[in-house]
Amino acid sequence: MSDAALAEQVVETWRIHDRINRYLLDSVPAEALAAVSASKGRTVGEQFAHVHNVRLMWLKQAAPELLAGLEKIEKDRAADADALRAALEASGRAVEELLRRGAEGGGRIKGFKPHAAAFLGYLVSHESHHRGQIALTLKQAGHPLDRKIAYGLWEWGVR
């Protein structure tokens, strides 16, 4: 497989994962963005904001020029589904470019070891962890995910 083909697979994997985050966000009722789990911690909206903010942290480290136009989501904006969606879309595109550069440029992401494919794995693992926390918080707060949505999180072939 060529480096270009591998880079495209890395980027496409990121796109699918990123769309699934927004699929989940779109399923959350507005009032549930303020829900907190039984063990306290971040609200559902703050979980989505955290995902976006961690992306910004990595962009600042690895490719600060990709931060143009991106802003951290503070707690007071974490209940705004439109703001969360727009932020996740924008940071998703920036991370996509970072992954493309890394995969095409020798496989490296500045500040991360060992390589771009592992960085993709790290991001997917981190963000999926928070998807699980969001699903649990919604359930505990009386807003369980619809079964179609819950199964849809795993439908990578159609997302």
# chains A, B, ... in the order shown; residues from 1 in each chain; ligands from 1
>>> residues_around(residues="segment 115-131 of chain A", least_positions_apart="4", cutoff="6 Å", atoms="only C-alpha atoms", output="PDB file with N, CA and C atoms, in the first residue's frame")
ATOM      1  N   GLY A 102       0.540  14.562   8.930  1.00  0.00           N
ATOM      2  CA  GLY A 102       1.371  13.586   9.624  1.00  0.00           C
ATOM      3  C   GLY A 102       1.527  12.298   8.844  1.00  0.00           C
ATOM      4  N   ALA A 103       0.431  11.807   8.304  1.00  0.00           N
ATOM      5  CA  ALA A 103       0.471  10.535   7.570  1.00  0.00           C
ATOM      6  C   ALA A 103       1.242  10.665   6.264  1.00  0.00           C
ATOM      7  N   GLY A 107       4.854  10.187   8.654  1.00  0.00           N
ATOM      8  CA  GLY A 107       4.164   9.480   9.724  1.00  0.00           C
ATOM      9  C   GLY A 107       4.304  10.076  11.100  1.00  0.00           C
ATOM     10  N   ARG A 108       4.714  11.317  11.199  1.00  0.00           N
ATOM     11  CA  ARG A 108       4.952  11.913  12.517  1.00  0.00           C
ATOM     12  C   ARG A 108       3.955  13.029  12.831  1.00  0.00           C
ATOM     13  N   ILE A 109       3.587  13.109  14.104  1.00  0.00           N
ATOM     14  CA  ILE A 109       2.814  14.214  14.655  1.00  0.00           C
ATOM     15  C   ILE A 109       3.708  14.845  15.717  1.00  0.00           C
TER      16      ILE A 109
END
>>> residues_around(residues="Val36 of chain A", least_positions_apart="6", cutoff="7 Å", atoms="only C-alpha atoms", output="list in words")
Arg42, Thr43, Val44, Thr137 and Ala141 of chain A
>>> residues_around(residues="Glu71 of chain A", least_positions_apart="5", cutoff="10 Å", atoms="only C-alpha atoms", output="count of residues only")
6
>>> select_by_dssp(residues="segment 20-93 of chain A", states="helix (DSSP H, G or I)", output="ChimeraX atom specification")
/A:20-27,30-34,44-62,64-67,75-77,81-93
>>> atom_distance(atom1="atom CA of Arg19 of chain A", atom2="atom CA of Ala35 of chain A")
22.5 Å
